[in-house]
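Heads up, query-v4.cif below (mmCIF, C-alpha atoms):
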```cif
data_query
#
loop_
_atom_site.label_atom_id
_atom_site.label_comp_id
_atom_site.auth_asym_id
_atom_site.auth_seq_id
_atom_site.Cartn_x
_atom_site.Cartn_y
_atom_site.Cartn_z
CA MET A 1 -60.54 15.62 19.06
CA GLU A 2 -58.44 12.45 19.36
CA LEU A 3 -59.42 12.06 23.01
CA ALA A 4 -63.10 12.31 22.12
CA VAL A 5 -62.70 9.73 19.35
CA SER A 6 -60.85 7.40 21.68
CA LYS A 7 -63.55 7.77 24.35
CA GLU A 8 -66.30 6.93 21.87
CA LEU A 9 -64.36 3.92 20.61
CA TYR A 10 -64.12 2.62 24.15
CA ASN A 11 -67.86 3.21 24.57
CA VAL A 12 -68.44 1.02 21.54
CA MET A 13 -66.15 -1.65 22.95
CA ASP A 14 -67.93 -1.54 26.33
CA ALA A 15 -71.30 -1.96 24.65
CA LEU A 16 -70.10 -4.83 22.46
CA ALA A 17 -68.41 -6.57 25.41
CA ALA A 18 -71.68 -6.38 27.37
CA LEU A 19 -73.64 -7.59 24.34
CA LYS A 20 -71.30 -10.55 23.94
CA LEU A 21 -71.89 -11.56 27.55
CA ASP A 22 -75.65 -11.03 27.32
CA LEU A 23 -75.80 -13.26 24.27
CA GLU A 24 -73.57 -15.87 25.96
CA CYS A 25 -71.48 -16.29 22.83
CA GLU A 26 -68.91 -18.55 24.47
CA PRO A 27 -68.66 -21.81 22.54
CA SER A 28 -68.39 -23.74 25.81
CA ILE A 29 -71.99 -22.87 26.72
CA PRO A 30 -74.32 -25.69 25.61
CA GLY A 31 -76.80 -24.76 22.88
CA ASP A 32 -79.83 -25.88 24.87
CA VAL A 33 -79.24 -23.22 27.52
CA LEU A 34 -78.96 -20.40 24.99
CA VAL A 35 -82.39 -18.97 25.69
CA LEU A 36 -82.40 -15.25 26.36
CA SER A 37 -84.60 -13.97 29.14
CA ALA A 38 -86.66 -10.83 28.53
CA ALA A 39 -84.28 -8.85 30.75
CA LYS A 40 -81.21 -10.05 28.85
CA SER A 41 -82.89 -9.37 25.51
CA ARG A 42 -83.58 -5.80 26.62
CA ASP A 43 -80.03 -5.39 27.90
CA ALA A 44 -78.71 -6.73 24.58
CA CYS A 45 -80.85 -4.22 22.66
CA ALA A 46 -79.66 -1.40 24.94
CA ALA A 47 -76.05 -2.42 24.27
CA LEU A 48 -76.65 -2.38 20.52
CA ALA A 49 -78.33 1.03 20.74
CA SER A 50 -75.42 2.41 22.74
CA ALA A 51 -72.87 1.04 20.26
CA MET A 52 -74.83 2.54 17.34
CA THR A 53 -75.06 5.93 19.04
CA SER A 54 -71.31 5.93 19.65
CA ILE A 55 -70.56 4.90 16.07
CA LYS A 56 -72.74 7.75 14.79
CA LYS A 57 -70.83 10.19 17.00
CA LEU A 58 -67.56 8.77 15.71
CA ALA A 59 -68.65 9.15 12.10
CA SER A 60 -69.60 12.75 12.82
CA MET A 61 -66.28 13.48 14.59
CA LEU A 62 -64.34 11.99 11.72
CA GLY A 63 -66.16 14.16 9.25
CA GLY A 64 -68.25 11.51 7.54
CA GLU A 65 -71.54 12.46 5.98
CA PRO A 66 -74.53 10.31 6.95
CA ARG A 67 -75.62 7.98 4.12
CA HIS A 68 -79.26 7.35 3.37
CA MET B 1 -76.38 -18.18 68.31
CA ILE B 2 -76.92 -18.22 64.57
CA ASN B 3 -75.09 -15.70 62.40
CA PRO B 4 -76.93 -14.66 59.29
CA VAL B 5 -75.28 -15.66 56.02
CA LYS B 6 -73.54 -12.55 54.73
CA PRO B 7 -73.52 -12.27 50.94
CA LEU B 8 -70.50 -11.28 48.89
CA GLN B 9 -70.42 -7.49 48.94
CA VAL B 10 -69.20 -5.79 45.79
CA TYR B 11 -68.49 -2.18 44.86
CA VAL B 12 -68.26 -1.29 41.16
CA VAL B 13 -66.22 1.56 39.65
CA GLU B 14 -67.47 1.81 36.06
CA ASP B 15 -68.57 4.64 33.79
CA SER B 16 -70.51 2.53 31.30
CA ASP B 17 -74.17 2.14 32.34
CA ILE B 18 -74.44 -0.97 30.22
CA VAL B 19 -71.47 -2.71 31.82
CA LEU B 20 -72.63 -1.61 35.28
CA ARG B 21 -76.05 -3.16 34.61
CA LEU B 22 -74.40 -6.37 33.42
CA LEU B 23 -72.19 -6.59 36.51
CA THR B 24 -75.09 -5.77 38.83
CA SER B 25 -77.15 -8.55 37.28
CA ALA B 26 -74.22 -10.98 37.61
CA ILE B 27 -73.59 -10.03 41.24
CA GLU B 28 -77.26 -10.45 42.18
CA SER B 29 -77.60 -13.73 40.24
CA ALA B 30 -74.59 -15.05 42.17
CA GLY B 31 -76.31 -14.17 45.44
CA GLY B 32 -74.04 -11.21 46.09
CA GLU B 33 -74.89 -7.65 46.94
CA LEU B 34 -73.96 -4.44 45.12
CA MET B 35 -72.81 -2.13 47.94
CA GLY B 36 -72.46 0.85 45.67
CA ALA B 37 -71.13 2.13 42.38
CA ALA B 38 -69.35 5.20 41.04
CA ASP B 39 -68.46 6.39 37.57
CA ASN B 40 -65.45 8.41 38.73
CA ALA B 41 -62.42 7.91 40.97
CA GLU B 42 -63.12 10.71 43.44
CA GLN B 43 -66.60 9.48 44.32
CA ALA B 44 -65.41 5.88 44.52
CA ILE B 45 -62.55 6.72 46.90
CA LEU B 46 -64.83 8.87 49.06
CA GLU B 47 -67.51 6.20 49.33
CA LEU B 48 -65.02 3.39 49.85
CA GLN B 49 -63.62 5.18 52.90
CA ASN B 50 -66.75 4.09 54.76
CA LEU B 51 -67.37 0.75 53.10
CA ARG B 52 -65.77 -2.67 53.50
CA PRO B 53 -66.66 -4.60 50.36
CA ASN B 54 -65.17 -8.02 49.71
CA LEU B 55 -64.58 -7.16 46.08
CA VAL B 56 -64.09 -3.96 44.07
CA MET B 57 -64.55 -4.22 40.30
CA ILE B 58 -62.63 -1.39 38.64
CA ASP B 59 -62.56 0.01 35.12
CA LEU B 60 -59.36 1.89 34.34
CA VAL B 61 -60.67 4.82 32.31
CA LEU B 62 -63.53 6.58 34.06
CA ALA B 63 -65.75 9.59 33.61
CA GLY B 64 -63.36 11.38 35.98
CA GLY B 65 -59.94 10.20 37.11
CA SER B 66 -58.74 6.65 36.61
CA GLY B 67 -59.06 3.23 38.13
CA PHE B 68 -55.40 3.44 39.12
CA GLU B 69 -56.31 6.13 41.66
CA VAL B 70 -58.89 3.80 43.19
CA LEU B 71 -56.41 0.90 43.31
CA ASN B 72 -53.86 3.20 44.91
CA ALA B 73 -56.33 4.28 47.61
CA ILE B 74 -57.26 0.66 48.36
CA GLN B 75 -53.61 -0.36 48.53
CA ALA B 76 -52.81 2.56 50.84
CA GLY B 77 -55.58 1.43 53.17
CA GLY B 78 -57.57 4.61 52.85
CA ALA B 79 -60.49 3.04 51.03
CA GLY B 80 -62.28 -0.29 50.91
CA ARG B 81 -59.78 -1.78 53.33
CA GLY B 82 -59.16 -5.49 52.75
CA ALA B 83 -61.08 -5.55 49.49
CA ILE B 84 -59.89 -7.64 46.58
CA GLY B 85 -59.28 -5.37 43.59
CA VAL B 86 -60.40 -6.70 40.21
CA VAL B 87 -59.60 -4.68 37.11
CA PHE B 88 -62.20 -5.11 34.33
CA THR B 89 -61.26 -2.99 31.36
CA ASN B 90 -60.77 -2.59 27.64
CA HIS B 91 -57.41 -0.87 28.26
CA VAL B 92 -55.22 -3.93 28.20
CA SER B 93 -51.71 -2.84 27.36
CA THR B 94 -48.85 -4.58 29.15
CA GLU B 95 -48.19 -1.29 30.95
CA ASP B 96 -51.80 -1.06 32.21
CA ARG B 97 -51.70 -4.66 33.38
CA GLU B 98 -48.35 -4.32 35.18
CA ARG B 99 -49.33 -1.04 36.81
CA SER B 100 -52.59 -2.57 38.03
CA PHE B 101 -50.79 -5.47 39.69
CA LEU B 102 -48.19 -3.10 41.17
CA LEU B 103 -51.06 -1.16 42.72
CA GLY B 104 -52.42 -4.29 44.35
CA ALA B 105 -54.96 -5.61 41.86
CA SER B 106 -55.51 -9.32 42.39
CA TYR B 107 -57.07 -9.96 38.98
CA PHE B 108 -57.01 -8.25 35.59
CA PHE B 109 -59.65 -9.08 32.98
CA ASP B 110 -59.98 -7.87 29.39
CA LYS B 111 -63.64 -6.89 28.95
CA SER B 112 -63.63 -7.93 25.31
CA THR B 113 -62.20 -11.41 25.70
CA GLN B 114 -62.38 -12.34 29.40
CA GLY B 115 -65.84 -11.18 30.43
CA ARG B 116 -67.00 -14.72 31.14
CA GLN B 117 -64.00 -15.33 33.41
CA ALA B 118 -64.77 -12.14 35.35
CA LEU B 119 -68.37 -13.25 35.90
CA GLU B 120 -67.16 -16.72 36.92
CA LEU B 121 -64.88 -15.12 39.50
CA ILE B 122 -67.88 -13.28 40.99
CA ASN B 123 -69.80 -16.59 41.14
CA LYS B 124 -66.88 -18.40 42.74
CA MET B 125 -66.29 -15.72 45.34
CA ALA B 126 -70.00 -15.48 46.16
CA ALA B 127 -70.10 -19.26 46.72
CA GLU B 128 -66.97 -19.12 48.88
CA GLN B 129 -68.46 -16.28 50.91
CA ARG B 130 -71.66 -18.27 51.49
CA GLY B 131 -69.58 -21.26 52.55
CA ARG B 132 -67.53 -19.14 54.92
CA THR B 133 -70.46 -17.47 56.63
CA SER B 134 -72.60 -20.61 56.84
CA THR B 135 -69.64 -22.51 58.35
CA ARG B 136 -69.30 -19.80 60.96
CA ALA B 137 -73.01 -20.08 61.68
CA GLU B 138 -72.77 -23.77 62.55
CA PRO B 139 -72.08 -24.06 66.28
CA GLY B 140 -69.27 -26.35 67.33
CA ARG B 141 -67.75 -26.75 63.89
CA PRO B 142 -64.05 -25.88 63.68
CA SER B 143 -63.42 -22.78 61.61
CA GLY B 144 -61.39 -22.80 58.41
CA GLN B 145 -62.55 -26.24 57.34
CA GLY B 146 -65.03 -27.47 54.78
#
```

Represent the supplied structure as structure tokens.
Amino acid sequence: MELAVSKELYNVMDALAALKLDLECEPSIPGDVLVLSAAKSRDACAALASAMTSIKKLASMLGGEPRH
Amino acid sequence: MINPVKPLQVYVVEDSDIVLRLLTSAIESAGGELMGAADNAEQAILELQNLRPNLVMIDLVLAGGSGFEVLNAIQAGGAGRGAIGVVFTNHVSTEDRERSFLLGASYFFDKSTQGRQALELINKMAAEQRGRTSTRAEPGRPSGQG
């Protein structure tokens, strides 16, 4: 159980790390170049979807009931 | 005789599709070439026995085995001979870092906080590789300069 939780947590971190790079969050990057291409927008959405899927799995593993 | 410019050749050991896609995009944008990729240590070591990439990007925790096994194989000369090992991971304990360097890693980047630096390294190495191969292609120019 703990191994599975740890694996999912790292999946979330991987997705968020990729999202951070896709969005070019670094403060050193000038604002006028912060225009996302279609490919990067799609990659960013895929990263978010992956993080959400992993968080749902984590909630399930930890015994949380889904809230509506 | 003109030698073609050889791009930076990179092999990626990574079990996250999203991170693999990000690295692939960064490698191609830098003018490099993705030679191959594996999500587990066994496949990576097997494939690297027949490949000579300039750079191997390695995650430490994989779908099967660990990045340490890949580093070990590169260091022992049985895989990806001569490649520069770059660890790119979220497992960033002091122990992981020290073990990576002991096993021959040249760089160690935290995915969460040093992603930009890892991509900059790919850019820098791709530019250096272009410089190296184009210098070699120029007849009569002394090597190792420029």

Query - 12 Å contact set for Asp22 (chain A), only C-alpha atoms, chain neighbours under 5 positions out, as number ranges by chain - result: A: 15-17, 34-48; B: 18-19, 21-23, 25-26, 115-116, 119

Taking the file as shown, what set of residues would the PyMOL selection byres ((chain A and resi 50-57) around 10) give back, as a short mmCIF file (atom, residue, chain, number, x, y, z; two decimals) with C-alpha atoms, in the frame of the given file?
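File produced: result.cif:
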```cif
data_model
loop_
_atom_site.label_atom_id
_atom_site.label_comp_id
_atom_site.auth_asym_id
_atom_site.auth_seq_id
_atom_site.Cartn_x
_atom_site.Cartn_y
_atom_site.Cartn_z
CA ALA A 4 -63.10 12.31 22.12
CA VAL A 5 -62.70 9.73 19.35
CA LYS A 7 -63.55 7.77 24.35
CA GLU A 8 -66.30 6.93 21.87
CA LEU A 9 -64.36 3.92 20.61
CA TYR A 10 -64.12 2.62 24.15
CA ASN A 11 -67.86 3.21 24.57
CA VAL A 12 -68.44 1.02 21.54
CA MET A 13 -66.15 -1.65 22.95
CA ASP A 14 -67.93 -1.54 26.33
CA ALA A 15 -71.30 -1.96 24.65
CA LEU A 16 -70.10 -4.83 22.46
CA LEU A 19 -73.64 -7.59 24.34
CA ALA A 44 -78.71 -6.73 24.58
CA CYS A 45 -80.85 -4.22 22.66
CA ALA A 46 -79.66 -1.40 24.94
CA ALA A 47 -76.05 -2.42 24.27
CA LEU A 48 -76.65 -2.38 20.52
CA ALA A 49 -78.33 1.03 20.74
CA LEU A 58 -67.56 8.77 15.71
CA ALA A 59 -68.65 9.15 12.10
CA SER A 60 -69.60 12.75 12.82
CA MET A 61 -66.28 13.48 14.59
CA LEU A 62 -64.34 11.99 11.72
CA GLY A 63 -66.16 14.16 9.25
CA GLY A 64 -68.25 11.51 7.54
CA PRO A 66 -74.53 10.31 6.95
CA SER B 16 -70.51 2.53 31.30
CA ASP B 17 -74.17 2.14 32.34
CA ILE B 18 -74.44 -0.97 30.22
#
```

Report task. Step by step: start from the point (-63.8, -4.9, 31.4) in the file's coordinates, keep every protein, DNA or RNA residue that has an atom no farther than 7 Å from it, count all atoms listed in the file, and write the set as a VMD selection string. Result -> chain B and resid 59 88 to 90 109 to 112 115

For the residues selected in the previous step, produce a file with C-alpha atoms as a PDB file, keeping the file's coordinate frame.
```
ATOM      1  CA  ASP B  59     -62.560   0.010  35.120  1.00  0.00           C
ATOM      2  CA  PHE B  88     -62.200  -5.110  34.330  1.00  0.00           C
ATOM      3  CA  THR B  89     -61.260  -2.990  31.360  1.00  0.00           C
ATOM      4  CA  ASN B  90     -60.770  -2.590  27.640  1.00  0.00           C
ATOM      5  CA  PHE B 109     -59.650  -9.080  32.980  1.00  0.00           C
ATOM      6  CA  ASP B 110     -59.980  -7.870  29.390  1.00  0.00           C
ATOM      7  CA  LYS B 111     -63.640  -6.890  28.950  1.00  0.00           C
ATOM      8  CA  SER B 112     -63.630  -7.930  25.310  1.00  0.00           C
ATOM      9  CA  GLY B 115     -65.840 -11.180  30.430  1.00  0.00           C
TER      10      GLY B 115
END
```

Requested in this report: Run through the PyMOL selection byres ((chain B and resi 32-36) around 7) on the given coordinates and return the selected residues as a PyMOL selection string.
Outcome: chain B and resi 7-12+24+27-28+30-31+37+126

**Report entry** Best match for closeness to chain A among B:Asp39, B:Glu14, B:Glu69, B:Glu47, counting all atoms listed in the file
**Finding:** B:Glu14

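Using all atoms listed in the file, the smallest distance between any of B:Gln114, B:Gln43, B:Asn123, B:Thr94 and chain A comes from B:Gln114.
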
Query raised in the report: Given the choices B:Asn54, B:Asn72, B:Ala63, B:Ser93, which gets closest to chain A if the distance is worked out from all atoms listed in the file?
Result: B:Ala63

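Near Phe101 (chain B), within a cut-off of 10 Å and counting only C-alpha atoms, sit the residues Leu71, Gly85, Val86, Val87, Asp96, Ser106, Tyr107 and Phe108 of chain B, with same-chain residues fewer than 5 positions away left out.
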
**Report entry** Point-to-point distance from CA of Leu55 (chain B) to CA of Asn40 (chain B), Å rounded to tenths
**Finding:** 17.2 Å

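Checking B:Leu20, B:Ser100, B:Lys6, B:Ala38 one by one against chain A, counting only C-alpha atoms, you find the shortest gap at B:Leu20.
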
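Minimum atom-to-atom distance to chain A, evaluated using only C-alpha atoms, belongs to B:Ala118 out of B:Arg81, B:Leu103, B:Gln129, B:Ala118.
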
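If you look at CA of Arg52 (chain B) and CA of Leu21 (chain A), they are 28.1 Å away from each other.
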
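CA of Ala127 (chain B) is found 25.9 Å from CA of Val70 (chain B).
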
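In this comparison, which uses all atoms listed in the file, the residue of B:Thr113, B:Gly64, B:Gly104, B:Val92 approaching chain A most closely is B:Thr113.
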
Query raised in the report: Which residues, written as an NGL selection string, have at least one atom at most 10 Å from Leu46 (chain B), with only C-alpha atoms counted and residues fewer than 5 positions away on the same chain left out?
Result: :B and (38 or 41 or 51 or 70 or 73 or 78-80)

Student task, region 91-135 of chain B output with N, CA and C atoms as an mmCIF file, in the first residue's frame:
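File written: result.cif
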```cif
data_model
loop_
_atom_site.group_PDB
_atom_site.id
_atom_site.type_symbol
_atom_site.label_atom_id
_atom_site.label_comp_id
_atom_site.auth_asym_id
_atom_site.auth_seq_id
_atom_site.Cartn_x
_atom_site.Cartn_y
_atom_site.Cartn_z
ATOM 1 N N HIS B 91 13.607 12.149 -6.892
ATOM 2 C CA HIS B 91 14.191 11.502 -5.708
ATOM 3 C C HIS B 91 15.524 12.187 -5.437
ATOM 4 N N VAL B 92 15.496 13.143 -4.532
ATOM 5 C CA VAL B 92 16.651 14.036 -4.420
ATOM 6 C C VAL B 92 17.277 14.041 -3.026
ATOM 7 N N SER B 93 17.272 12.881 -2.386
ATOM 8 C CA SER B 93 17.936 12.837 -1.086
ATOM 9 C C SER B 93 19.449 12.944 -1.291
ATOM 10 N N THR B 94 20.141 13.312 -0.233
ATOM 11 C CA THR B 94 21.608 13.393 -0.303
ATOM 12 C C THR B 94 22.186 12.044 -0.714
ATOM 13 N N GLU B 95 21.581 10.974 -0.204
ATOM 14 C CA GLU B 95 22.064 9.624 -0.521
ATOM 15 C C GLU B 95 21.924 9.329 -2.022
ATOM 16 N N ASP B 96 20.756 9.710 -2.589
ATOM 17 C CA ASP B 96 20.530 9.476 -4.028
ATOM 18 C C ASP B 96 21.546 10.256 -4.860
ATOM 19 N N ARG B 97 21.761 11.495 -4.442
ATOM 20 C CA ARG B 97 22.689 12.365 -5.174
ATOM 21 C C ARG B 97 24.121 11.797 -5.117
ATOM 22 N N GLU B 98 24.554 11.438 -3.906
ATOM 23 C CA GLU B 98 25.929 10.933 -3.750
ATOM 24 C C GLU B 98 26.119 9.616 -4.496
ATOM 25 N N ARG B 99 25.115 8.755 -4.421
ATOM 26 C CA ARG B 99 25.223 7.460 -5.110
ATOM 27 C C ARG B 99 25.293 7.661 -6.622
ATOM 28 N N SER B 100 24.517 8.628 -7.118
ATOM 29 C CA SER B 100 24.523 8.905 -8.561
ATOM 30 C C SER B 100 25.908 9.336 -9.014
ATOM 31 N N PHE B 101 26.515 10.253 -8.251
ATOM 32 C CA PHE B 101 27.847 10.729 -8.643
ATOM 33 C C PHE B 101 28.898 9.620 -8.505
ATOM 34 N N LEU B 102 28.732 8.777 -7.467
ATOM 35 C CA LEU B 102 29.661 7.647 -7.318
ATOM 36 C C LEU B 102 29.576 6.702 -8.510
ATOM 37 N N LEU B 103 28.368 6.599 -9.079
ATOM 38 C CA LEU B 103 28.180 5.704 -10.226
ATOM 39 C C LEU B 103 28.433 6.414 -11.553
ATOM 40 N N GLY B 104 29.065 7.576 -11.480
ATOM 41 C CA GLY B 104 29.548 8.209 -12.707
ATOM 42 C C GLY B 104 28.654 9.269 -13.318
ATOM 43 N N ALA B 105 27.547 9.609 -12.653
ATOM 44 C CA ALA B 105 26.705 10.675 -13.209
ATOM 45 C C ALA B 105 27.515 11.973 -13.262
ATOM 46 N N SER B 106 27.339 12.715 -14.339
ATOM 47 C CA SER B 106 28.048 14.000 -14.449
ATOM 48 C C SER B 106 27.201 15.144 -13.920
ATOM 49 N N TYR B 107 25.883 14.976 -13.985
ATOM 50 C CA TYR B 107 24.964 16.020 -13.522
ATOM 51 C C TYR B 107 23.823 15.370 -12.765
ATOM 52 N N PHE B 108 23.232 16.126 -11.846
ATOM 53 C CA PHE B 108 22.086 15.642 -11.082
ATOM 54 C C PHE B 108 21.102 16.799 -10.962
ATOM 55 N N PHE B 109 19.914 16.643 -11.534
ATOM 56 C CA PHE B 109 18.922 17.713 -11.510
ATOM 57 C C PHE B 109 17.645 17.263 -10.810
ATOM 58 N N ASP B 110 17.138 18.127 -9.957
ATOM 59 C CA ASP B 110 15.844 17.930 -9.298
ATOM 60 C C ASP B 110 14.754 18.351 -10.292
ATOM 61 N N LYS B 111 13.893 17.399 -10.660
ATOM 62 C CA LYS B 111 12.846 17.697 -11.651
ATOM 63 C C LYS B 111 11.975 18.878 -11.231
ATOM 64 N N SER B 112 11.705 18.947 -9.918
ATOM 65 C CA SER B 112 10.760 19.955 -9.444
ATOM 66 C C SER B 112 11.333 21.367 -9.458
ATOM 67 N N THR B 113 12.623 21.485 -9.215
ATOM 68 C CA THR B 113 13.194 22.827 -9.077
ATOM 69 C C THR B 113 14.293 23.148 -10.081
ATOM 70 N N GLN B 114 14.798 22.125 -10.792
ATOM 71 C CA GLN B 114 15.925 22.386 -11.703
ATOM 72 C C GLN B 114 15.640 21.932 -13.133
ATOM 73 N N GLY B 115 14.360 21.874 -13.473
ATOM 74 C CA GLY B 115 13.992 21.442 -14.833
ATOM 75 C C GLY B 115 14.582 22.341 -15.895
ATOM 76 N N ARG B 116 14.500 23.659 -15.648
ATOM 77 C CA ARG B 116 15.011 24.621 -16.627
ATOM 78 C C ARG B 116 16.508 24.416 -16.862
ATOM 79 N N GLN B 117 17.255 24.168 -15.761
ATOM 80 C CA GLN B 117 18.694 23.947 -15.898
ATOM 81 C C GLN B 117 18.986 22.693 -16.724
ATOM 82 N N ALA B 118 18.159 21.659 -16.530
ATOM 83 C CA ALA B 118 18.363 20.424 -17.300
ATOM 84 C C ALA B 118 18.151 20.689 -18.790
ATOM 85 N N LEU B 119 17.105 21.461 -19.116
ATOM 86 C CA LEU B 119 16.839 21.767 -20.525
ATOM 87 C C LEU B 119 17.936 22.671 -21.094
ATOM 88 N N GLU B 120 18.453 23.565 -20.258
ATOM 89 C CA GLU B 120 19.553 24.437 -20.719
ATOM 90 C C GLU B 120 20.815 23.612 -21.008
ATOM 91 N N LEU B 121 21.028 22.572 -20.195
ATOM 92 C CA LEU B 121 22.186 21.708 -20.441
ATOM 93 C C LEU B 121 22.052 21.022 -21.805
ATOM 94 N N ILE B 122 20.845 20.547 -22.117
ATOM 95 C CA ILE B 122 20.618 19.906 -23.423
ATOM 96 C C ILE B 122 20.918 20.902 -24.546
ATOM 97 N N ASN B 123 20.437 22.132 -24.397
ATOM 98 C CA ASN B 123 20.684 23.179 -25.406
ATOM 99 C C ASN B 123 22.170 23.433 -25.581
ATOM 100 N N LYS B 124 22.856 23.556 -24.443
ATOM 101 C CA LYS B 124 24.290 23.870 -24.462
ATOM 102 C C LYS B 124 25.075 22.737 -25.132
ATOM 103 N N MET B 125 24.739 21.502 -24.760
ATOM 104 C CA MET B 125 25.472 20.378 -25.331
ATOM 105 C C MET B 125 25.169 20.199 -26.810
ATOM 106 N N ALA B 126 23.925 20.495 -27.208
ATOM 107 C CA ALA B 126 23.571 20.392 -28.630
ATOM 108 C C ALA B 126 24.355 21.430 -29.429
ATOM 109 N N ALA B 127 24.490 22.637 -28.876
ATOM 110 C CA ALA B 127 25.243 23.696 -29.560
ATOM 111 C C ALA B 127 26.724 23.318 -29.643
ATOM 112 N N GLU B 128 27.257 22.772 -28.562
ATOM 113 C CA GLU B 128 28.665 22.354 -28.563
ATOM 114 C C GLU B 128 28.899 21.250 -29.593
ATOM 115 N N GLN B 129 27.944 20.324 -29.666
ATOM 116 C CA GLN B 129 28.071 19.215 -30.620
ATOM 117 C C GLN B 129 28.062 19.737 -32.057
ATOM 118 N N ARG B 130 27.188 20.704 -32.322
ATOM 119 C CA ARG B 130 27.138 21.307 -33.670
ATOM 120 C C ARG B 130 28.464 21.986 -33.983
ATOM 121 N N GLY B 131 28.990 22.700 -32.987
ATOM 122 C CA GLY B 131 30.266 23.390 -33.172
ATOM 123 C C GLY B 131 31.390 22.415 -33.457
ATOM 124 N N ARG B 132 31.369 21.305 -32.694
ATOM 125 C CA ARG B 132 32.424 20.297 -32.864
ATOM 126 C C ARG B 132 32.375 19.684 -34.247
ATOM 127 N N THR B 133 31.185 19.267 -34.679
ATOM 128 C CA THR B 133 31.106 18.559 -35.958
ATOM 129 C C THR B 133 31.301 19.508 -37.131
ATOM 130 N N SER B 134 30.833 20.777 -36.992
ATOM 131 C CA SER B 134 31.015 21.690 -38.119
ATOM 132 C C SER B 134 32.477 22.106 -38.225
ATOM 133 N N THR B 135 33.184 22.182 -37.082
ATOM 134 C CA THR B 135 34.613 22.487 -37.110
ATOM 135 C C THR B 135 35.365 21.373 -37.825
#
```
